[in-house]
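**Q** File follows, data-v7.cif with mmCIF, C-alpha atoms:
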```cif
data_work
loop_
_atom_site.group_PDB
_atom_site.id
_atom_site.type_symbol
_atom_site.label_atom_id
_atom_site.label_comp_id
_atom_site.auth_asym_id
_atom_site.auth_seq_id
_atom_site.Cartn_x
_atom_site.Cartn_y
_atom_site.Cartn_z
ATOM 1 C CA MET N 1 79.009 -159.201 48.933
ATOM 2 C CA ALA N 2 76.085 -157.405 47.315
ATOM 3 C CA TYR N 3 74.739 -153.905 47.708
ATOM 4 C CA CYS N 4 71.370 -152.396 46.864
ATOM 5 C CA VAL N 5 71.456 -150.579 43.511
ATOM 6 C CA ASN N 6 68.912 -148.063 44.792
ATOM 7 C CA CYS N 7 69.985 -147.069 48.304
ATOM 8 C CA GLY N 8 73.387 -148.782 48.661
ATOM 9 C CA VAL N 9 72.535 -150.867 51.728
ATOM 10 C CA LYS N 10 74.684 -153.930 52.288
ATOM 11 C CA LEU N 11 72.699 -157.061 51.534
ATOM 12 C CA GLU N 12 72.883 -160.636 52.704
ATOM 13 C CA GLU N 13 73.293 -163.301 50.050
ATOM 14 C CA THR N 14 69.959 -164.931 50.796
ATOM 15 C CA LEU N 15 67.882 -161.769 50.461
ATOM 16 C CA THR N 16 65.626 -161.352 47.461
ATOM 17 C CA LYS N 17 64.793 -157.700 48.080
ATOM 18 C CA CYS N 18 66.269 -154.764 49.950
ATOM 19 C CA PRO N 19 65.015 -154.573 53.571
ATOM 20 C CA LEU N 20 65.172 -150.776 53.443
ATOM 21 C CA CYS N 21 63.624 -149.749 50.124
ATOM 22 C CA ASN N 22 62.139 -153.103 48.944
ATOM 23 C CA THR N 23 64.086 -152.980 45.668
ATOM 24 C CA PRO N 24 64.351 -156.497 44.163
ATOM 25 C CA VAL N 25 67.811 -158.070 44.367
ATOM 26 C CA TYR N 26 69.129 -159.387 41.057
ATOM 27 C CA HIS N 27 72.123 -161.713 40.731
ATOM 28 C CA PRO N 28 73.034 -161.979 37.048
ATOM 29 C CA GLN N 29 75.529 -164.794 37.634
ATOM 30 C CA GLU N 30 73.075 -167.031 39.480
ATOM 31 C CA GLU N 31 70.647 -169.250 37.607
ATOM 32 C CA LYS N 32 67.176 -169.720 38.877
ATOM 33 C CA THR N 33 66.743 -173.409 39.454
ATOM 34 C CA GLU N 34 63.539 -173.396 41.438
ATOM 35 C CA LYS N 35 60.264 -171.883 40.453
ATOM 36 C CA LYS N 36 58.334 -170.320 43.267
ATOM 37 C CA VAL N 37 54.957 -171.871 43.880
ATOM 38 C CA PRO N 38 52.210 -169.316 44.601
ATOM 39 C CA PRO N 39 50.385 -169.780 47.919
ATOM 40 C CA TYR N 40 47.031 -169.946 46.139
ATOM 41 C CA PRO N 41 45.793 -172.300 43.389
ATOM 42 C CA SER N 42 46.120 -171.127 39.818
ATOM 43 C CA GLU N 43 42.707 -172.434 38.801
ATOM 44 C CA ARG N 44 39.507 -171.067 40.269
ATOM 45 C CA GLY N 45 37.126 -173.766 41.397
ATOM 46 C CA THR N 46 33.352 -173.491 41.467
ATOM 47 C CA VAL N 47 30.891 -174.886 44.001
ATOM 48 C CA GLU N 48 27.647 -176.295 42.694
ATOM 49 C CA LYS N 49 24.618 -174.364 43.852
ATOM 50 C CA VAL N 50 22.045 -176.061 46.039
ATOM 51 C CA LYS N 51 18.834 -176.770 44.131
ATOM 52 C CA ARG N 52 15.406 -176.032 45.525
ATOM 53 C CA THR N 53 14.446 -179.680 45.116
ATOM 54 C CA ASP N 54 17.328 -180.649 47.406
ATOM 55 C CA LEU N 55 16.045 -178.262 50.074
ATOM 56 C CA ALA N 56 12.551 -179.658 49.617
ATOM 57 C CA ILE N 57 13.839 -183.208 50.160
ATOM 58 C CA LEU N 58 15.693 -182.075 53.276
ATOM 59 C CA LEU N 59 12.572 -180.435 54.691
ATOM 60 C CA ILE N 60 10.451 -183.504 53.936
ATOM 61 C CA VAL N 61 12.957 -185.761 55.688
ATOM 62 C CA LEU N 62 13.344 -183.391 58.645
ATOM 63 C CA PHE N 63 9.677 -182.759 59.357
ATOM 64 C CA GLY N 64 8.626 -186.254 58.320
ATOM 65 C CA SER N 65 11.034 -187.837 60.796
ATOM 66 C CA THR N 66 9.865 -185.376 63.455
ATOM 67 C CA ALA N 67 6.244 -186.339 62.905
ATOM 68 C CA VAL N 68 7.012 -190.068 62.901
ATOM 69 C CA GLY N 69 9.188 -189.788 66.004
ATOM 70 C CA CYS N 70 6.576 -187.879 67.977
ATOM 71 C CA GLY N 71 3.897 -190.320 66.843
ATOM 72 C CA LEU N 72 5.942 -193.294 68.070
ATOM 73 C CA LEU N 73 6.645 -191.577 71.400
ATOM 74 C CA ASN N 74 2.948 -190.877 71.835
ATOM 75 C CA LEU N 75 2.042 -194.435 70.892
ATOM 76 C CA PHE N 76 4.504 -196.336 73.087
ATOM 77 C CA VAL N 77 5.845 -193.993 75.800
ATOM 78 C CA TYR N 78 3.727 -190.919 76.572
ATOM 79 C CA LYS N 79 0.220 -192.320 76.234
ATOM 80 C CA GLY N 80 -1.709 -189.820 78.358
ATOM 81 C CA SER N 81 -3.138 -187.777 75.471
ATOM 82 C CA LEU N 82 -2.951 -187.344 71.720
ATOM 83 C CA TRP N 83 -0.352 -184.596 71.959
ATOM 84 C CA SER N 84 1.572 -185.898 68.933
ATOM 85 C CA LEU N 85 -1.258 -184.832 66.629
ATOM 86 C CA TYR N 86 -0.366 -181.187 67.315
ATOM 87 C CA VAL N 87 3.225 -181.790 66.180
ATOM 88 C CA ILE N 88 2.221 -183.916 63.195
ATOM 89 C CA GLY N 89 -0.315 -181.327 62.070
ATOM 90 C CA ALA N 90 2.180 -178.484 62.463
ATOM 91 C CA CYS N 91 4.755 -180.387 60.388
ATOM 92 C CA LEU N 92 2.210 -180.997 57.641
ATOM 93 C CA VAL N 93 1.176 -177.329 57.622
ATOM 94 C CA PHE N 94 4.784 -176.177 57.357
ATOM 95 C CA LEU N 95 5.415 -178.576 54.472
ATOM 96 C CA VAL N 96 2.296 -177.334 52.682
ATOM 97 C CA PHE N 97 3.528 -173.769 53.137
ATOM 98 C CA SER N 98 7.092 -174.351 51.913
ATOM 99 C CA ILE N 99 7.207 -177.270 49.460
ATOM 100 C CA PRO N 100 5.084 -175.759 46.612
ATOM 101 C CA ILE N 101 7.291 -172.653 46.550
ATOM 102 C CA MET N 102 10.463 -174.749 46.287
ATOM 103 C CA VAL N 103 9.284 -177.449 43.897
ATOM 104 C CA TYR N 104 6.868 -175.656 41.582
ATOM 105 C CA ARG N 105 7.487 -171.911 41.437
ATOM 106 C CA LYS N 106 5.089 -171.348 38.529
ATOM 107 C CA LEU N 107 2.080 -172.152 40.684
ATOM 108 C CA PRO N 108 -0.105 -169.007 40.967
ATOM 109 C CA TYR N 109 0.369 -167.205 44.255
ATOM 110 C CA ILE N 110 -3.360 -166.896 44.827
ATOM 111 C CA LEU N 111 -3.734 -170.667 44.517
ATOM 112 C CA MET N 112 -0.853 -171.096 46.990
ATOM 113 C CA VAL N 113 -2.627 -168.829 49.462
ATOM 114 C CA LEU N 114 -5.836 -170.828 49.119
ATOM 115 C CA ILE N 115 -3.928 -174.077 49.715
ATOM 116 C CA ASP N 116 -2.228 -172.545 52.774
ATOM 117 C CA GLY N 117 -5.598 -171.434 54.149
ATOM 118 C CA CYS N 118 -6.984 -174.949 53.744
ATOM 119 C CA ALA N 119 -3.922 -176.337 55.547
ATOM 120 C CA VAL N 120 -4.480 -173.994 58.502
ATOM 121 C CA LEU N 121 -8.165 -174.968 58.603
ATOM 122 C CA PHE N 122 -7.172 -178.636 58.642
ATOM 123 C CA TYR N 123 -4.765 -178.071 61.541
ATOM 124 C CA LEU N 124 -7.328 -176.160 63.594
ATOM 125 C CA ALA N 125 -9.906 -178.857 62.851
ATOM 126 C CA LEU N 126 -7.440 -181.416 64.197
ATOM 127 C CA VAL N 127 -6.959 -179.336 67.350
ATOM 128 C CA ALA N 128 -10.720 -178.941 67.783
ATOM 129 C CA TRP N 129 -11.284 -182.679 67.310
ATOM 130 C CA VAL N 130 -8.634 -183.595 69.892
ATOM 131 C CA ASN N 131 -10.151 -181.193 72.433
ATOM 132 C CA HIS N 132 -13.779 -182.132 71.613
ATOM 133 C CA GLY N 133 -14.767 -178.567 70.774
ATOM 134 C CA MET N 134 -15.999 -178.147 67.221
ATOM 135 C CA ASP N 135 -18.314 -175.230 68.079
ATOM 136 C CA TRP N 136 -15.525 -172.635 68.302
ATOM 137 C CA TYR N 137 -13.960 -174.115 65.176
ATOM 138 C CA VAL N 138 -17.119 -173.688 63.104
ATOM 139 C CA GLN N 139 -18.146 -170.291 64.449
ATOM 140 C CA ILE N 140 -14.762 -168.616 64.980
ATOM 141 C CA ALA N 141 -11.885 -170.437 63.284
ATOM 142 C CA VAL N 142 -13.507 -171.129 59.921
ATOM 143 C CA PRO N 143 -14.824 -167.572 59.294
ATOM 144 C CA VAL N 144 -11.592 -165.943 60.493
ATOM 145 C CA ILE N 145 -9.294 -168.178 58.445
ATOM 146 C CA LEU N 146 -11.453 -167.861 55.333
ATOM 147 C CA LEU N 147 -11.538 -164.092 55.726
ATOM 148 C CA GLY N 148 -7.760 -163.919 56.209
ATOM 149 C CA THR N 149 -7.170 -166.145 53.176
ATOM 150 C CA VAL N 150 -9.401 -163.998 50.977
ATOM 151 C CA LEU N 151 -7.738 -160.798 52.184
ATOM 152 C CA VAL N 152 -4.234 -162.108 51.468
ATOM 153 C CA ALA N 153 -5.350 -163.275 48.017
ATOM 154 C CA VAL N 154 -6.847 -159.842 47.317
ATOM 155 C CA LEU N 155 -3.627 -158.141 48.442
ATOM 156 C CA LEU N 156 -1.530 -160.310 46.120
ATOM 157 C CA TYR N 157 -3.890 -159.679 43.230
ATOM 158 C CA VAL N 158 -3.814 -155.916 43.802
ATOM 159 C CA TYR N 159 -0.021 -155.894 44.041
ATOM 160 C CA GLN N 160 0.437 -157.946 40.858
ATOM 161 C CA HIS N 161 -2.323 -156.597 38.613
ATOM 162 C CA VAL N 162 -3.462 -153.188 39.925
ATOM 163 C CA SER N 163 -0.581 -151.182 41.396
ATOM 164 C CA ARG N 164 2.815 -151.832 42.969
ATOM 165 C CA SER N 165 3.050 -148.407 44.521
ATOM 166 C CA ILE N 166 4.184 -148.561 48.138
ATOM 167 C CA LEU N 167 1.641 -145.937 49.214
ATOM 168 C CA PHE N 168 -1.236 -147.741 47.511
ATOM 169 C CA THR N 169 -0.127 -151.110 48.921
ATOM 170 C CA ALA N 170 0.122 -149.588 52.401
ATOM 171 C CA MET N 171 -3.420 -148.251 52.088
ATOM 172 C CA VAL N 172 -4.727 -151.685 51.058
ATOM 173 C CA VAL N 173 -2.889 -153.337 53.960
ATOM 174 C CA VAL N 174 -4.359 -150.867 56.479
ATOM 175 C CA ILE N 175 -7.890 -151.392 55.156
ATOM 176 C CA GLU N 176 -7.516 -155.160 55.175
ATOM 177 C CA MET N 177 -6.175 -155.122 58.743
ATOM 178 C CA ALA N 178 -9.275 -153.223 59.837
ATOM 179 C CA VAL N 179 -11.548 -155.676 57.998
ATOM 180 C CA PHE N 180 -9.720 -158.651 59.522
ATOM 181 C CA CYS N 181 -9.944 -157.259 63.063
ATOM 182 C CA ALA N 182 -13.645 -156.536 62.562
ATOM 183 C CA GLY N 183 -14.157 -160.102 61.328
ATOM 184 C CA ILE N 184 -12.465 -161.537 64.416
ATOM 185 C CA ASP N 185 -14.500 -159.271 66.690
ATOM 186 C CA LEU N 186 -17.813 -160.159 65.042
ATOM 187 C CA SER N 187 -17.080 -163.897 65.054
ATOM 188 C CA VAL N 188 -16.105 -163.991 68.720
ATOM 189 C CA TYR N 189 -19.029 -161.801 69.788
ATOM 190 C CA TYR N 190 -21.501 -163.950 67.859
ATOM 191 C CA TYR N 191 -20.026 -167.108 69.405
ATOM 192 C CA LEU N 192 -20.482 -165.671 72.900
ATOM 193 C CA HIS N 193 -23.747 -163.721 72.555
ATOM 194 C CA GLU N 194 -25.362 -165.097 69.352
ATOM 195 C CA LYS N 195 -25.582 -161.675 67.750
ATOM 196 C CA PHE N 196 -23.274 -159.419 65.785
ATOM 197 C CA CYS N 197 -21.731 -156.335 67.387
ATOM 198 C CA LEU N 198 -18.466 -154.426 67.045
ATOM 199 C CA THR N 199 -16.555 -153.821 70.281
ATOM 200 C CA TRP N 200 -12.790 -153.321 70.391
ATOM 201 C CA SER N 201 -12.436 -153.481 66.611
ATOM 202 C CA ALA N 202 -14.412 -150.238 66.226
ATOM 203 C CA ALA N 203 -11.343 -148.302 67.381
ATOM 204 C CA VAL N 204 -9.184 -150.197 64.864
ATOM 205 C CA VAL N 205 -11.642 -149.418 62.059
ATOM 206 C CA VAL N 206 -11.659 -145.704 62.904
ATOM 207 C CA CYS N 207 -7.843 -145.517 63.054
ATOM 208 C CA ALA N 208 -7.550 -147.428 59.788
ATOM 209 C CA ALA N 209 -10.058 -145.087 58.125
ATOM 210 C CA ILE N 210 -8.026 -142.053 59.227
ATOM 211 C CA ILE N 211 -4.802 -143.552 57.898
ATOM 212 C CA ALA N 212 -6.444 -144.628 54.636
ATOM 213 C CA VAL N 213 -7.908 -141.164 54.023
ATOM 214 C CA SER N 214 -4.502 -139.600 54.734
ATOM 215 C CA LEU N 215 -2.788 -141.945 52.284
ATOM 216 C CA ILE N 216 -5.404 -141.225 49.612
ATOM 217 C CA THR N 217 -4.827 -137.493 50.099
ATOM 218 C CA VAL N 218 -1.082 -137.925 49.736
ATOM 219 C CA MET N 219 -1.495 -139.983 46.574
ATOM 220 C CA ARG N 220 -3.910 -137.471 45.022
ATOM 221 C CA ILE N 221 -1.668 -134.412 45.558
ATOM 222 C CA SER N 222 1.461 -134.795 43.465
ATOM 223 C CA ARG N 223 3.628 -132.446 45.564
ATOM 224 C CA LEU N 224 2.851 -134.349 48.756
ATOM 225 C CA ARG N 225 3.385 -137.659 47.001
ATOM 226 C CA GLU N 226 6.806 -136.694 45.678
ATOM 227 C CA GLU N 227 7.842 -135.220 49.034
ATOM 228 C CA VAL N 228 6.894 -138.428 50.857
ATOM 229 C CA ARG N 229 8.770 -140.526 48.303
ATOM 230 C CA ARG N 230 11.837 -138.320 48.594
ATOM 231 C CA ARG N 231 11.919 -138.342 52.398
ATOM 232 C CA MET N 232 11.170 -142.056 52.697
ATOM 233 C CA HIS N 233 13.386 -143.040 49.729
ATOM 234 C CA ILE N 234 10.584 -144.944 47.990
#
```
How does this structure look as structure tokens?

**A**
Amino acid sequence: MAYCVNCGVKLEETLTKCPLCNTPVYHPQEEKTEKKVPPYPSERGTVEKVKRTDLAILLIVLFGSTAVGCGLLNLFVYKGSLWSLYVIGACLVFLVFSIPIMVYRKLPYILMVLIDGCAVLFYLALVAWVNHGMDWYVQIAVPVILLGTVLVAVLLYVYQHVSRSILFTAMVVVIEMAVFCAGIDLSVYYYLHEKFCLTWSAAVVVCAAIIAVSLITVMRISRLREEVRRRMHI
């Protein structure tokens, strides 16, 4: 019979540690014949990371099969209209948006934005052709998409080459939102009335001007700038 060397509790022969104080039980006359196997592997394995090209192949297969499937359904089953062109065009636009980033990361961001803008123009042209309405495409869609593409390209250029300050970037975003809203308003009004006039976007322009002037003031006064950065953790 064995006893704990620390607290004196009577121990069973099969115990390896004291149930009261957790002191290991040692039997000098017994030989250890079995080596305990740890419950976890001794070697650490590694999992291979997924490459961007693999994701690109998956996206091509996924959206390509979706486009082909919808095209076949439209061709042989649901023949009432050319509804599959909407799905096919959307799949192509999504691939144009995502594949260049995954496959070729060194492509300039401004060039990517221009390619994305052309893809959106192509999709809207497809929609206009299916619905036999190219007038709204030429007078509204094309100017608005071109304006949005240019504004995004300008924002990327400013962020990369001019300033990465959050306050300055916020000011540029506010100004560009006002310009974009004014462009939409002018395009729609000209399409309806054949003349240029600001309506609802005038309020957006005024609000954006107020915010832009406030941000410029904050950036020009160092104490205000540091206080805003401290409170907003930027």

**Q** How many Å separate atom CA of Leu198 of chain N from atom CA of His132 of chain N?

**A**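 Result for atom CA of Leu198 of chain N versus atom CA of His132 of chain N: 28.5 Å, one decimal.
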
**Q** Applying 12 Å and all atoms listed in the file, which residues near segment 79-81 of chain N remain after dropping the ones on its own chain fewer than 6 positions away? List them as a list in words.

**A**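 Counting all atoms listed in the file, the residues come to Cys70, Gly71, Leu72, Leu73, Val130 and Asn131 of chain N.
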
**Q** Using atom CA of Ile140 of chain N and atom CA of Ser187 of chain N as the two end points, give the distance in Å to one decimal.

**A**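 Taking atom CA of Ile140 of chain N and atom CA of Ser187 of chain N, their separation equals 5.3 Å.
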
**Q** Using all atoms listed in the file, can you tell me which of N:Cys4, N:Leu75, N:Met102, N:Ile110 comes closest to Cys21 of chain N?

**A** N:Cys4

**Q** Report as a PDB file with C-alpha atoms, in the frame of the given file all protein, DNA and RNA residues lying within 9 Å of Leu155 of chain N, evaluated on all atoms listed in the file, omitting residues in the same chain fewer than 5 positions from it.

**A**
```pdb
ATOM      1  CA  VAL N 150      -9.401-163.998  50.977  1.00  0.00           C
ATOM      2  CA  GLN N 160       0.437-157.946  40.858  1.00  0.00           C
ATOM      3  CA  THR N 169      -0.127-151.110  48.921  1.00  0.00           C
ATOM      4  CA  VAL N 172      -4.727-151.685  51.058  1.00  0.00           C
ATOM      5  CA  VAL N 173      -2.889-153.337  53.960  1.00  0.00           C
ATOM      6  CA  GLU N 176      -7.516-155.160  55.175  1.00  0.00           C
TER       7      GLU N 176
END
```

**Q** With all atoms listed in the file as the counted atoms, please give the residues lying no more than 8 Å from Leu95 of chain N, apart from itself and same-chain residues fewer than 4 positions off, as a list of chain:residue names.

**A**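 Contacts, in chain order: N:Leu59, N:Ile60, N:Phe63, N:Cys91, N:Ile99.
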
**Q** Between N:Phe168, N:Tyr159, N:Trp200, N:Tyr86, which is the closest to Trp129 of chain N once you count only C-alpha atoms?

**A** N:Tyr86

**Q** Using all atoms listed in the file, which of the listed residues (N:Phe97, N:Thr217, N:Val179, N:Pro24) sits closest to Ala203 of chain N?

**A**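 Closest candidate: N:Val179.
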
**Q** Tell me which of N:Val188, N:Val162, N:Leu107, N:Ala119 sits closest to Pro143 of chain N, counting only C-alpha atoms.

**A**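 Counting only C-alpha atoms, the residue closest to Pro143 of chain N is N:Val188.
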
**Q** Around the point (-16.2, -171.0, 65.8), in the coordinates given by the file, pick out the residues reaching within 10 Å, counting all atoms listed in the file, and return them as a PyMOL selection string.

**A** chain N and resi 128+133-144+187-188+190-192

**Q** Could the residues in this selection be saved with C-alpha atoms as an mmCIF file, in the coordinates of the input?

**A**
```cif
data_model
loop_
_atom_site.group_PDB
_atom_site.id
_atom_site.type_symbol
_atom_site.label_atom_id
_atom_site.label_comp_id
_atom_site.auth_asym_id
_atom_site.auth_seq_id
_atom_site.Cartn_x
_atom_site.Cartn_y
_atom_site.Cartn_z
ATOM 1 C CA ALA N 128 -10.720 -178.941 67.783
ATOM 2 C CA GLY N 133 -14.767 -178.567 70.774
ATOM 3 C CA MET N 134 -15.999 -178.147 67.221
ATOM 4 C CA ASP N 135 -18.314 -175.230 68.079
ATOM 5 C CA TRP N 136 -15.525 -172.635 68.302
ATOM 6 C CA TYR N 137 -13.960 -174.115 65.176
ATOM 7 C CA VAL N 138 -17.119 -173.688 63.104
ATOM 8 C CA GLN N 139 -18.146 -170.291 64.449
ATOM 9 C CA ILE N 140 -14.762 -168.616 64.980
ATOM 10 C CA ALA N 141 -11.885 -170.437 63.284
ATOM 11 C CA VAL N 142 -13.507 -171.129 59.921
ATOM 12 C CA PRO N 143 -14.824 -167.572 59.294
ATOM 13 C CA VAL N 144 -11.592 -165.943 60.493
ATOM 14 C CA SER N 187 -17.080 -163.897 65.054
ATOM 15 C CA VAL N 188 -16.105 -163.991 68.720
ATOM 16 C CA TYR N 190 -21.501 -163.950 67.859
ATOM 17 C CA TYR N 191 -20.026 -167.108 69.405
ATOM 18 C CA LEU N 192 -20.482 -165.671 72.900
#
```

**Q** Atom CA of Arg220 of chain N to atom CA of Val152 of chain N: how many Å, to one decimal?

**A**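 It comes out at 25.5 Å.
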
**Q** Run through the PyMOL selection byres ((chain N and resi 6) around 9) on the given coordinates and return the selected residues as number ranges by chain.

**A** N: 3-5, 7-9, 18, 21, 23

**Q** Give me the result of the PyMOL selection byres ((chain N and resi 208) around 12) on this file, residue by residue, as a list in words.

**A** Ala170, Met171, Val172, Val173, Val174, Ile175, Glu176, Met177, Ala178, Val179, Phe180, Cys181, Ala182, Ser201, Ala202, Ala203, Val204, Val205, Val206, Cys207, Ala209, Ile210, Ile211, Ala212, Val213, Ser214 and Leu215 of chain N

**Q** Compare N:Val87, N:Ala56, N:Ile145, N:Leu224 by their minimum atom-to-atom distance to Ile115 of chain N, counting all atoms listed in the file, and give me the closest one.

**A** N:Ile145

**Q** Please determine, counting only C-alpha atoms, which residue among N:Tyr109, N:Val127, N:Cys197, N:Gly69 has the shortest atom-to-atom distance to Val154 of chain N.

**A**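 Ranking N:Tyr109, N:Val127, N:Cys197, N:Gly69 by distance to Val154 of chain N, first place goes to N:Tyr109.
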
**Q** For a cut-off of 12 Å around (6.3, -140.3, 51.7), file coordinates, pick out all residues using only C-alpha atoms and list them as a ChimeraX atom specification.

**A** /N:165-168,170,214-219,221-234

**Q** Taking the file as shown, what set of residues would the PyMOL selection byres ((chain N and resi 53) around 12) give back, as a ChimeraX atom specification?

**A** /N:49-52,54-60,98-105

**Q** Emit the selected residues as a PDB file, in the coordinates of the input, including C-alpha atoms.

**A**
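Full text of out-v8.pdb as output:
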```pdb
ATOM      1  CA  LYS N  49      24.618-174.364  43.852  1.00  0.00           C
ATOM      2  CA  VAL N  50      22.045-176.061  46.039  1.00  0.00           C
ATOM      3  CA  LYS N  51      18.834-176.770  44.131  1.00  0.00           C
ATOM      4  CA  ARG N  52      15.406-176.032  45.525  1.00  0.00           C
ATOM      5  CA  ASP N  54      17.328-180.649  47.406  1.00  0.00           C
ATOM      6  CA  LEU N  55      16.045-178.262  50.074  1.00  0.00           C
ATOM      7  CA  ALA N  56      12.551-179.658  49.617  1.00  0.00           C
ATOM      8  CA  ILE N  57      13.839-183.208  50.160  1.00  0.00           C
ATOM      9  CA  LEU N  58      15.693-182.075  53.276  1.00  0.00           C
ATOM     10  CA  LEU N  59      12.572-180.435  54.691  1.00  0.00           C
ATOM     11  CA  ILE N  60      10.451-183.504  53.936  1.00  0.00           C
ATOM     12  CA  SER N  98       7.092-174.351  51.913  1.00  0.00           C
ATOM     13  CA  ILE N  99       7.207-177.270  49.460  1.00  0.00           C
ATOM     14  CA  PRO N 100       5.084-175.759  46.612  1.00  0.00           C
ATOM     15  CA  ILE N 101       7.291-172.653  46.550  1.00  0.00           C
ATOM     16  CA  MET N 102      10.463-174.749  46.287  1.00  0.00           C
ATOM     17  CA  VAL N 103       9.284-177.449  43.897  1.00  0.00           C
ATOM     18  CA  TYR N 104       6.868-175.656  41.582  1.00  0.00           C
ATOM     19  CA  ARG N 105       7.487-171.911  41.437  1.00  0.00           C
TER      20      ARG N 105
END
```
